[in-house]
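Chemist: Enclosed is the structure file upload-v6.tsv (TSV, C-alpha atoms).
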chain	number	residue	atom	x	y	z
H	624	MET	CA	181.53	69.62	141.42
H	625	ASP	CA	180.51	70.48	137.87
H	626	ILE	CA	176.86	69.98	137.08
H	627	SER	CA	175.42	69.72	133.58
H	628	ALA	CA	172.48	71.81	132.49
H	629	CYS	CA	170.41	71.26	129.42
H	630	LYS	CA	168.28	73.13	126.94
H	631	PRO	CA	164.57	72.43	127.28
H	632	HIS	CA	163.81	72.40	123.55
H	633	LYS	CA	164.13	69.16	121.56
H	634	ASN	CA	163.75	67.38	124.87
H	635	SER	CA	161.55	64.30	124.34
H	636	THR	CA	159.75	62.64	127.25
H	637	PHE	CA	159.14	59.30	125.50
H	638	VAL	CA	162.61	57.79	125.79
H	639	PRO	CA	163.19	58.46	129.52
H	640	VAL	CA	159.62	57.55	130.49
H	641	ALA	CA	159.58	54.34	128.41
H	642	GLY	CA	162.94	53.24	129.81
H	643	LEU	CA	161.89	54.23	133.32
H	644	SER	CA	158.66	52.22	133.10
H	645	PHE	CA	160.41	48.92	132.34
H	646	PHE	CA	163.09	49.76	134.92
H	647	ALA	CA	160.39	50.44	137.54
H	648	ILE	CA	158.64	47.10	136.91
H	649	ALA	CA	161.96	45.28	137.27
H	650	SER	CA	162.87	47.25	140.41
H	651	GLY	CA	159.47	46.68	142.00
H	652	PHE	CA	159.78	42.93	141.50
H	653	LEU	CA	163.40	42.92	142.70
H	654	MET	CA	162.51	45.01	145.77
H	655	SER	CA	160.43	42.21	147.29
H	656	LEU	CA	162.30	39.37	145.63
H	657	ILE	CA	165.65	40.00	147.35
H	658	PRO	CA	164.50	39.84	151.01
H	659	LEU	CA	162.09	36.97	150.34
H	660	SER	CA	164.56	34.86	148.34
H	661	LEU	CA	167.45	34.81	150.84
H	662	ALA	CA	166.40	31.46	152.31
H	663	SER	CA	166.33	29.76	148.91
H	664	PHE	CA	169.99	30.78	148.42
H	665	GLY	CA	170.97	29.61	151.90
H	666	MET	CA	171.48	33.08	153.42
H	667	ASP	CA	170.30	34.36	156.80
H	668	SER	CA	167.35	36.75	157.08
H	669	SER	CA	169.46	39.10	159.25
H	670	LEU	CA	171.11	40.20	155.99
H	671	VAL	CA	167.92	42.01	154.88
H	672	ALA	CA	168.55	45.34	156.64
H	673	TRP	CA	172.20	45.46	155.56
H	674	LEU	CA	171.32	44.74	151.94
H	675	ALA	CA	168.85	47.63	152.02
H	676	SER	CA	171.27	50.05	153.67
H	677	ILE	CA	174.24	49.25	151.44
H	678	PHE	CA	172.03	49.67	148.38
H	679	TYR	CA	171.19	53.21	149.47
H	680	LEU	CA	174.83	53.81	150.37
H	681	GLY	CA	175.53	53.08	146.70
H	682	ILE	CA	172.91	55.66	145.74
H	683	LEU	CA	174.52	58.14	148.14
H	684	VAL	CA	177.98	57.64	146.60
H	685	GLY	CA	176.49	57.79	143.11
H	686	THR	CA	174.96	61.21	143.67
H	687	THR	CA	178.45	62.69	144.13
H	688	CYS	CA	179.73	61.81	140.66
H	689	ILE	CA	176.82	60.91	138.34
H	690	GLN	CA	176.61	64.37	136.79
H	691	THR	CA	180.26	64.25	135.74
H	692	ILE	CA	179.53	61.07	133.78
H	693	VAL	CA	176.36	62.51	132.22
H	694	ALA	CA	178.20	65.69	131.21
H	695	LYS	CA	180.85	63.69	129.34
H	696	ILE	CA	178.76	61.09	127.51
H	697	GLY	CA	175.24	62.57	127.42
H	698	HIS	CA	171.88	61.48	128.82
H	699	ARG	CA	171.08	58.72	126.33
H	700	ILE	CA	174.35	56.81	126.63
H	701	SER	CA	174.39	57.36	130.40
H	702	LEU	CA	170.93	55.82	130.75
H	703	MET	CA	172.01	52.71	128.80
H	704	LEU	CA	175.24	52.48	130.81
H	705	PHE	CA	173.54	52.58	134.21
H	706	LEU	CA	170.82	50.10	133.20
H	707	ALA	CA	173.47	47.70	131.88
H	708	MET	CA	175.45	48.09	135.11
H	709	LEU	CA	172.37	47.25	137.18
H	710	THR	CA	171.75	44.18	135.04
H	711	LEU	CA	175.31	42.93	135.59
H	712	THR	CA	174.94	43.20	139.37
H	713	ILE	CA	172.03	40.74	139.22
H	714	VAL	CA	174.07	38.37	137.06
H	715	ALA	CA	176.84	38.49	139.68
H	716	MET	CA	174.35	37.73	142.48
H	717	LEU	CA	173.13	34.65	140.62
H	718	ALA	CA	176.64	33.47	139.74
H	719	MET	CA	177.96	33.76	143.33
H	720	PRO	CA	175.14	33.67	145.92
H	721	THR	CA	177.14	34.59	149.02
H	722	ALA	CA	176.62	37.40	151.53
H	723	ALA	CA	179.80	39.24	150.51
H	724	VAL	CA	178.97	39.16	146.79
H	725	TRP	CA	175.36	40.19	147.34
H	726	LEU	CA	176.37	43.12	149.55
H	727	THR	CA	178.93	44.28	146.97
H	728	ALA	CA	176.45	43.82	144.13
H	729	ARG	CA	173.74	45.79	145.93
H	730	PHE	CA	176.17	48.65	146.57
H	731	LEU	CA	177.00	48.80	142.85
H	732	ALA	CA	173.29	48.46	142.04
H	733	GLY	CA	172.62	51.51	144.21
H	734	PHE	CA	175.21	53.47	142.25
H	735	ALA	CA	173.56	52.43	138.98
H	736	VAL	CA	170.06	53.28	140.23
H	737	ALA	CA	171.28	56.73	141.32
H	738	GLY	CA	172.46	57.17	137.75
H	739	VAL	CA	169.08	56.19	136.34
H	740	PHE	CA	167.25	58.56	138.69
H	741	VAL	CA	169.50	61.57	138.05
H	742	VAL	CA	169.51	61.04	134.27
H	743	VAL	CA	165.73	60.63	133.99
H	744	GLU	CA	164.90	63.40	136.48
H	745	SER	CA	167.22	65.92	134.84
H	746	TRP	CA	166.01	64.85	131.37
H	747	LEU	CA	162.39	65.54	132.33
H	748	LEU	CA	162.88	68.59	134.56
H	749	MET	CA	164.54	70.66	131.84
H	750	ALA	CA	161.32	72.50	131.02
H	751	ASP	CA	160.41	76.12	130.25
H	752	SER	CA	158.06	76.75	133.19
H	753	ALA	CA	157.27	75.60	136.71
H	754	LYS	CA	153.89	74.32	135.49
H	755	GLN	CA	155.51	72.17	132.81
H	756	ARG	CA	158.06	70.88	135.34
H	757	ALA	CA	155.22	69.89	137.67
H	758	LYS	CA	153.49	67.98	134.86
H	759	ARG	CA	156.70	66.20	133.89
H	760	LEU	CA	157.49	65.39	137.51
H	761	GLY	CA	153.98	63.96	137.87
H	762	LEU	CA	154.55	61.84	134.76
H	763	TYR	CA	157.89	60.69	136.18
H	764	MET	CA	156.43	59.73	139.55
H	765	THR	CA	153.40	58.02	138.01
H	766	SER	CA	155.59	55.91	135.70
H	767	LEU	CA	157.99	55.08	138.51
H	768	TYR	CA	155.37	54.14	141.10
H	769	GLY	CA	152.98	52.52	138.64
H	770	GLY	CA	155.73	50.30	137.27
H	771	THR	CA	156.95	49.48	140.77
H	772	ALA	CA	153.44	48.48	141.90
H	773	LEU	CA	153.03	46.29	138.83
H	774	GLY	CA	156.38	44.65	139.56
H	775	GLN	CA	155.23	43.75	143.08
H	776	LEU	CA	152.37	41.71	141.64
H	777	ALA	CA	154.86	39.49	139.79
H	778	ILE	CA	155.82	37.84	143.10
H	779	GLY	CA	152.72	35.63	143.01
H	780	PRO	CA	152.91	34.14	139.48
H	781	LEU	CA	156.72	34.11	139.17
H	782	GLY	CA	157.58	33.02	142.71
H	783	ILE	CA	160.55	33.84	144.93
H	784	ASN	CA	162.69	30.71	144.78
H	785	GLY	CA	165.70	29.96	142.63
H	786	VAL	CA	167.15	31.68	139.59
H	787	THR	CA	164.08	32.02	137.35
H	788	PRO	CA	162.50	35.11	139.02
H	789	PHE	CA	165.83	36.97	138.72
H	790	LEU	CA	166.01	36.09	135.01
H	791	TRP	CA	162.69	37.88	134.53
H	792	VAL	CA	164.17	40.96	136.20
H	793	ILE	CA	167.14	40.82	133.83
H	794	ALA	CA	164.79	40.54	130.83
H	795	LEU	CA	162.83	43.61	131.95
H	796	LEU	CA	166.01	45.65	132.39
H	797	MET	CA	167.12	44.68	128.89
H	798	LEU	CA	163.76	45.97	127.61
H	799	ALA	CA	164.42	49.22	129.48
H	800	ILE	CA	167.67	49.65	127.52
H	801	LEU	CA	165.88	49.42	124.17
H	802	PRO	CA	164.24	52.92	124.03
H	803	PRO	CA	167.51	54.87	124.48
H	804	LEU	CA	169.34	52.35	122.30
H	805	LEU	CA	166.93	52.56	119.35
H	806	ILE	CA	165.85	56.22	119.55
H	807	LYS	CA	168.85	58.51	119.25
H	808	LYS	CA	167.01	61.84	119.10
H	809	GLY	CA	165.27	63.80	121.84
H	810	GLN	CA	167.91	63.98	124.56
H	811	PRO	CA	168.68	67.36	126.16
H	812	GLU	CA	171.49	69.38	124.64
H	813	SER	CA	174.41	70.16	126.94
H	814	LEU	CA	175.07	73.73	127.99
H	815	GLU	CA	177.88	75.24	129.98
H	816	HIS	CA	178.25	73.37	133.27
H	817	GLU	CA	177.17	75.17	136.42
H	818	LYS	CA	177.23	74.28	140.07
H	819	ILE	CA	175.45	75.52	143.14
H	820	SER	CA	177.64	77.70	145.35
H	821	MET	CA	177.71	77.31	149.12
H	822	ARG	CA	175.83	80.60	149.39
H	823	GLU	CA	173.05	79.18	147.20
H	824	VAL	CA	173.03	75.90	149.13
H	825	LYS	CA	172.31	77.87	152.31
H	826	LYS	CA	169.38	79.55	150.55
H	827	ILE	CA	167.69	76.25	149.66
H	828	SER	CA	164.62	75.76	151.82
H	829	LEU	CA	165.42	73.73	154.96
H	830	PRO	CA	161.98	72.05	154.88
H	831	ALA	CA	162.85	70.89	151.32
H	832	VAL	CA	166.07	69.26	152.51
H	833	ILE	CA	164.35	67.78	155.58
H	834	GLY	CA	161.51	66.54	153.38
H	835	CYS	CA	163.90	64.63	151.12
H	836	LEU	CA	165.82	63.28	154.12
H	837	VAL	CA	162.61	62.06	155.77
H	838	SER	CA	161.45	60.57	152.48
H	839	GLY	CA	164.59	58.42	152.54
H	840	LEU	CA	164.12	57.56	156.22
H	841	LEU	CA	160.64	56.27	155.33
H	842	LEU	CA	161.06	54.71	151.89
H	843	GLY	CA	164.36	52.94	152.66
H	844	PRO	CA	162.73	50.74	155.34
H	845	ILE	CA	159.52	50.38	153.30
H	846	TYR	CA	161.44	49.08	150.29
H	847	GLY	CA	163.94	47.02	152.28
H	848	LEU	CA	162.04	45.72	155.31
H	849	MET	CA	158.30	45.94	154.67
H	850	PRO	CA	158.10	42.79	152.49
H	851	SER	CA	159.59	40.72	155.33
H	852	TYR	CA	157.32	42.43	157.89
H	853	ILE	CA	154.13	41.74	155.91
H	854	ASN	CA	155.21	38.18	155.17
H	855	GLY	CA	155.83	37.67	158.89
H	856	GLN	CA	152.33	38.92	159.71
H	857	PHE	CA	150.43	36.92	157.08
H	858	ALA	CA	152.85	34.09	156.08
H	859	SER	CA	151.75	34.50	152.46
H	860	THR	CA	153.86	35.70	149.52
H	861	GLU	CA	150.68	36.53	147.59
H	862	ARG	CA	149.38	38.75	150.42
H	863	THR	CA	152.83	40.32	150.73
H	864	ALA	CA	152.92	41.13	147.02
H	865	PHE	CA	149.37	42.52	147.14
H	866	LEU	CA	149.95	44.83	150.12
H	867	MET	CA	153.32	46.05	148.78
H	868	ALA	CA	151.56	46.85	145.51
H	869	VAL	CA	148.85	48.70	147.48
H	870	ILE	CA	151.52	50.84	149.19
H	871	ILE	CA	153.07	51.85	145.89
H	872	LEU	CA	149.69	52.24	144.19
H	873	GLY	CA	148.84	54.76	146.92
H	874	GLY	CA	152.05	56.59	146.04
H	875	MET	CA	151.19	56.60	142.35
H	876	LEU	CA	147.55	57.70	142.64
H	877	VAL	CA	148.39	60.58	144.99
H	878	GLN	CA	150.74	62.21	142.46
H	879	PRO	CA	148.07	64.18	140.52
H	880	LEU	CA	146.78	65.53	143.85
H	881	VAL	CA	150.33	66.48	144.86
H	882	SER	CA	150.85	68.32	141.55
H	883	TYR	CA	147.55	70.17	141.96
H	884	LEU	CA	148.01	71.18	145.61
H	885	SER	CA	151.73	72.03	145.49
H	886	THR	CA	151.07	75.25	143.55
H	887	ARG	CA	148.10	76.24	145.74
H	888	VAL	CA	149.05	75.28	149.30
H	889	SER	CA	152.13	75.95	151.40
H	890	LYS	CA	154.47	73.05	150.70
H	891	SER	CA	155.52	72.81	154.35
H	892	LEU	CA	151.85	72.56	155.36
H	893	LEU	CA	151.27	70.01	152.61
H	894	MET	CA	154.10	67.80	153.89
H	895	ALA	CA	152.75	68.16	157.46
H	896	LEU	CA	149.30	66.99	156.34
H	897	PHE	CA	150.63	64.01	154.38
H	898	CYS	CA	152.79	62.93	157.34
H	899	LEU	CA	149.69	63.11	159.55
H	900	LEU	CA	147.83	61.01	157.00
H	901	GLY	CA	150.64	58.44	157.14
H	902	THR	CA	150.41	58.33	160.93
H	903	ILE	CA	146.70	57.52	160.63
H	904	GLY	CA	147.64	54.75	158.20
H	905	ILE	CA	150.09	53.29	160.72
H	906	VAL	CA	147.37	53.21	163.40
H	907	GLY	CA	145.14	51.29	160.99
H	908	ILE	CA	147.91	48.80	160.21
H	909	ALA	CA	148.58	48.18	163.91
H	910	ASP	CA	144.95	48.00	165.08
H	911	GLY	CA	143.07	46.96	161.93
H	912	THR	CA	140.61	44.12	162.52
H	913	SER	CA	139.82	43.31	158.89
H	914	ILE	CA	141.78	42.97	155.68
H	915	ALA	CA	139.76	45.86	154.20
H	916	ILE	CA	140.87	48.27	156.94
H	917	ILE	CA	144.45	47.03	156.73
H	918	THR	CA	144.49	47.44	152.94
H	919	VAL	CA	143.18	51.02	153.17
H	920	SER	CA	145.76	51.75	155.87
H	921	TYR	CA	148.63	50.51	153.71
H	922	PHE	CA	147.26	52.64	150.86
H	923	LEU	CA	147.30	55.73	153.09
H	924	LEU	CA	150.83	54.93	154.24
H	925	GLY	CA	152.03	54.70	150.63
H	926	ALA	CA	150.22	57.89	149.60
H	927	SER	CA	151.81	59.86	152.43
H	928	CYS	CA	155.37	58.53	152.17
H	929	PHE	CA	155.61	58.78	148.40
H	930	ALA	CA	154.16	62.31	148.38
H	931	LEU	CA	157.02	63.85	150.36
H	932	TYR	CA	159.83	63.63	147.78
H	933	PRO	CA	158.08	65.39	144.86
H	934	ILE	CA	156.79	68.14	147.17
H	935	ALA	CA	160.26	68.65	148.67
H	936	ILE	CA	162.10	68.65	145.35
H	937	SER	CA	159.67	71.12	143.80
H	938	LEU	CA	160.13	73.36	146.84
H	939	ALA	CA	163.92	73.19	146.43
H	940	CYS	CA	163.75	74.05	142.71
H	941	GLU	CA	161.35	76.99	143.04
H	942	THR	CA	164.05	79.64	143.30
H	943	MET	CA	166.62	77.95	141.02
H	944	VAL	CA	167.44	79.14	137.51
H	945	LEU	CA	167.11	76.55	134.76
H	946	GLU	CA	170.86	75.94	134.53
H	947	LYS	CA	170.97	74.86	138.19
H	948	ILE	CA	167.87	72.65	138.34
H	949	VAL	CA	169.94	69.49	137.83
H	950	ALA	CA	172.32	70.48	140.62
H	951	ALA	CA	169.40	71.06	142.98
H	952	THR	CA	167.92	67.70	141.97
H	953	GLU	CA	171.21	65.99	142.72
H	954	LEU	CA	171.44	67.70	146.13
H	955	MET	CA	167.92	66.55	147.02
H	956	LEU	CA	168.73	63.00	145.93
H	957	LEU	CA	171.78	63.19	148.18
H	958	SER	CA	169.57	64.14	151.14
H	959	TYR	CA	167.15	61.34	150.26
H	960	SER	CA	170.02	58.85	150.07
H	961	VAL	CA	171.39	59.79	153.51
H	962	GLY	CA	168.00	58.98	155.00
H	963	SER	CA	167.74	55.76	153.00
H	964	VAL	CA	171.13	54.51	154.19
H	965	PHE	CA	170.35	54.90	157.89
H	966	GLY	CA	166.60	54.24	157.81
H	967	PRO	CA	166.61	50.42	157.42
H	968	VAL	CA	169.30	49.86	160.07
H	969	ILE	CA	167.64	52.22	162.58
H	970	ALA	CA	164.23	50.65	161.97
H	971	GLU	CA	165.62	47.12	162.31
H	972	HIS	CA	167.47	47.77	165.56
H	973	SER	CA	165.24	50.40	167.20
H	974	SER	CA	163.23	47.75	169.05
H	975	THR	CA	163.06	44.00	169.63
H	976	SER	CA	159.30	44.04	169.05
H	977	ALA	CA	157.81	42.34	166.02
H	978	HIS	CA	156.22	45.71	165.23
H	979	SER	CA	159.45	47.71	165.44
H	980	LEU	CA	159.18	48.74	161.77
H	981	ILE	CA	155.76	50.36	161.97
H	982	THR	CA	156.62	51.93	165.36
H	983	TYR	CA	159.67	53.51	163.72
H	984	LEU	CA	157.59	54.75	160.76
H	985	ALA	CA	154.99	56.24	163.13
H	986	VAL	CA	157.63	58.17	165.10
H	987	VAL	CA	159.26	59.57	161.95
H	988	LEU	CA	155.92	60.57	160.40
H	989	LEU	CA	154.53	62.21	163.53
H	990	THR	CA	157.68	64.20	164.39
H	991	THR	CA	158.02	65.37	160.79
H	992	SER	CA	154.38	66.45	160.72
H	993	ILE	CA	154.91	68.56	163.84
H	994	TYR	CA	158.12	70.11	162.44
H	995	MET	CA	156.54	70.98	159.07
H	996	LEU	CA	153.49	72.44	160.76
H	997	ILE	CA	155.71	74.70	162.89
H	998	LYS	CA	157.67	75.82	159.78
H	999	SER	CA	154.43	76.52	157.93
H	1000	LEU	CA	153.16	78.69	160.79
H	1001	GLN	CA	156.48	80.55	160.93
H	1002	ASN	CA	156.36	81.24	157.19
H	1003	THR	CA	152.77	82.46	157.46
H	1004	ARG	CA	153.69	84.88	160.25
H	1005	SER	CA	156.72	86.14	158.32
H	1006	GLY	CA	154.56	86.89	155.29
H	1007	HIS	CA	155.86	84.19	152.88
H	1008	THR	CA	153.51	83.24	150.08
H	1009	PRO	CA	151.87	79.77	150.30
H	1010	ALA	CA	153.80	78.34	147.36
H	1011	ILE	CA	157.16	78.99	148.97
H	1012	GLY	CA	156.43	76.71	151.94
As structure tokens, how would this structure be written, given the file I've shared?
Modeler:
Amino acid sequence: MDISACKPHKNSTFVPVAGLSFFAIASGFLMSLIPLSLASFGMDSSLVAWLASIFYLGILVGTTCIQTIVAKIGHRISLMLFLAMLTLTIVAMLAMPTAAVWLTARFLAGFAVAGVFVVVESWLLMADSAKQRAKRLGLYMTSLYGGTALGQLAIGPLGINGVTPFLWVIALLMLAILPPLLIKKGQPESLEHEKISMREVKKISLPAVIGCLVSGLLLGPIYGLMPSYINGQFASTERTAFLMAVIILGGMLVQPLVSYLSTRVSKSLLMALFCLLGTIGIVGIADGTSIAIITVSYFLLGASCFALYPIAISLACETMVLEKIVAATELMLLSYSVGSVFGPVIAEHSSTSAHSLITYLAVVLLTTSIYMLIKSLQNTRSGHTPAIG
């Protein structure tokens, strides 16, 4: 598959970050709105896990062909196209609120979201140095998670019933289209297309691939199932919105720490420590006796789960030349998507207990922590430098 590469100069960060910020607010709101609004449209709650999985299946399919589209029409037009496509899927859901239409719409929405992610990530990662890439990736993650956390808080004032909340999502997505529509300069310039050979794929760090896969296994259920789980525990949409925002706020606030540590500590060790931190958060969620302890625990869970993807993707890109950064990014998104497709369904059906979701998250976090710790020790014994992981 041909992959586009881009020149770093004349590459503005304003357009992708501005568009991403409005997109993230809309996505954060929509993330909790879909599972919580099923009853108001007369649909069964058992649809929640399937809606989450088919959305990530759309992302998975999208990662196989997004770069071909970007190479032909450019980053700016691609960003507008994918945002418009996502908006139309919501219109279709409102026009025909049936299980079949919603499942189809969420699959197409996943494809569109994959497009937004690949376009924005490749736009920002085309930088001259690893340090500049780390700063841009931190900006990307902060905008994405900050906007998503803000979107969660809209559940309280805007509600979850009827058409009106979805109209707000549509309005936010239309605002996201405005920056690339109005500002025509600053997109990366296309260079000769390059792809990663099978030999190079084999050289990509296995902990990087596993890290992205595990990130999907964790974030897929958190996005798709956690709102329903929290609502079941507290029977309050306001509390649900607050704790979901806390999870994502943890993910946003940890990004500067991730950027700082990823160039100073073995990345495998760093992922092991964050997974251990997430396991501690799960214990607090399960055994917490006060809302303060539970809130801190959800914050720790968000910080750990959202830290894995940027660490893993930076590990994967360490040995890549500039022309193949986008290809590596796409491969990591593919790994993330595989985890996201299977995560919600496995978490939903792994146990009949009311706490099956957090039990699943604890198992994934703890086993990943052990694996990454073993890989870190192996690398240390083989003489690898800390940054390689």
Chemist: Between CA of Ile700 in chain H and CA of Ser635 in chain H, what is the spacing in Å?
Modeler: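 Separation between CA of Ser635 in chain H and CA of Ile700 in chain H: 15.0 Å.
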Chemist: Work out how far CA of Ile800 in chain H is from CA of Gly642 in chain H, in Å to one decimal.
Modeler: 6.4 Å
Chemist: Identify, on the basis of all atoms listed in the file, every residue whose closest approach to Ile997 in chain H does not exceed 10 Å; exclude the query and any residue fewer than 5 positions from it along the same chain; express the result as a list in words.
Modeler: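 After dropping sequence-adjacent residues, the list is Ser891, Leu892, Ala895, Thr991, Ser992, Asn1002 and Thr1003 of chain H.
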Chemist: List every residue of range 739-799 of chain H that has an atom at most 12 Å from any atom of range 858-879 of chain H, and for each one report the closest atom pair and its distance in Å to one decimal, counting only C-alpha atoms, with rows sorted by chain and then by increasing residue number, as a tab-separated table.
Modeler:
residue	atom	partner	partner_atom	distance
H:Ala757	CA	H:Pro879	CA	9.6
H:Lys758	CA	H:Pro879	CA	8.7
H:Arg759	CA	H:Pro879	CA	11.1
H:Leu760	CA	H:Gln878	CA	9.0
H:Gly761	CA	H:Gln878	CA	5.9
H:Leu762	CA	H:Gln878	CA	8.6
H:Tyr763	CA	H:Gln878	CA	9.6
H:Met764	CA	H:Met875	CA	6.7
H:Thr765	CA	H:Met875	CA	5.1
H:Ser766	CA	H:Met875	CA	8.0
H:Leu767	CA	H:Met875	CA	8.0
H:Tyr768	CA	H:Met875	CA	5.0
H:Gly769	CA	H:Met875	CA	5.8
H:Gly770	CA	H:Ile871	CA	9.2
H:Thr771	CA	H:Ile871	CA	6.8
H:Ala772	CA	H:Ala868	CA	4.4
H:Leu773	CA	H:Ala868	CA	6.9
H:Gly774	CA	H:Ala868	CA	8.0
H:Gln775	CA	H:Ala864	CA	5.3
H:Leu776	CA	H:Ala864	CA	5.4
H:Ala777	CA	H:Ala864	CA	7.7
H:Ile778	CA	H:Ala864	CA	5.9
H:Gly779	CA	H:Glu861	CA	5.1
H:Pro780	CA	H:Glu861	CA	8.7
H:Leu781	CA	H:Glu861	CA	10.6
H:Gly782	CA	H:Thr860	CA	8.2
H:Ile783	CA	H:Thr860	CA	8.3
H:Asn784	CA	H:Thr860	CA	11.2
Chemist: Between H:Thr918, H:Ser885, H:Ser913, H:Ser663, which has the minimum distance to Pro788 in chain H (counting only C-alpha atoms)?
Modeler: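 Under the stated criterion, the closest residue is H:Ser663.
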Chemist: Using only C-alpha atoms, determine which residues lie at most 9 Å from range 830-844 of chain H, disregarding the query and same-chain residues fewer than 2 positions distant; provide the list as a PyMOL selection string.
Modeler: chain H and resi 672+675-676+679+827-828+846-849+890-891+894+928-939+954-971+980+983-984+987-988+991+994-995+998+1012
Chemist: When you look at Leu924 in chain H with a cut-off of 7 Å (counting only C-alpha atoms), what residues show up, excluding the ones that are within fewer than 3 positions of it in the same chain? I need them as number ranges by chain.
Modeler: H: 870, 901, 904-905, 920-921, 927-928
Chemist: May I ask for the distance between CA of Leu798 in chain H and CA of Ala737 in chain H, given in Å to one decimal place?
Modeler: 19.0 Å
Chemist: Which residue is closest to Leu805 in chain H? Choose from H:Ala641, H:Leu726, H:Met719, H:Leu711 and count only C-alpha atoms.
Modeler: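 Closest to Leu805 in chain H, using only C-alpha atoms: H:Ala641.
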Chemist: Pick the closest to Leu899 in chain H from H:Leu680, H:Val986, H:Leu717, H:Cys688: which is it, counting only C-alpha atoms?
Modeler: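 Ranked by minimum distance to Leu899 in chain H, first place goes to H:Val986.
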Chemist: Have a look at H:Ser979, H:Ser745, H:Thr686, H:Ser851 and name the one nearest to Ile657 in chain H; count only C-alpha atoms.
Modeler: H:Ser851
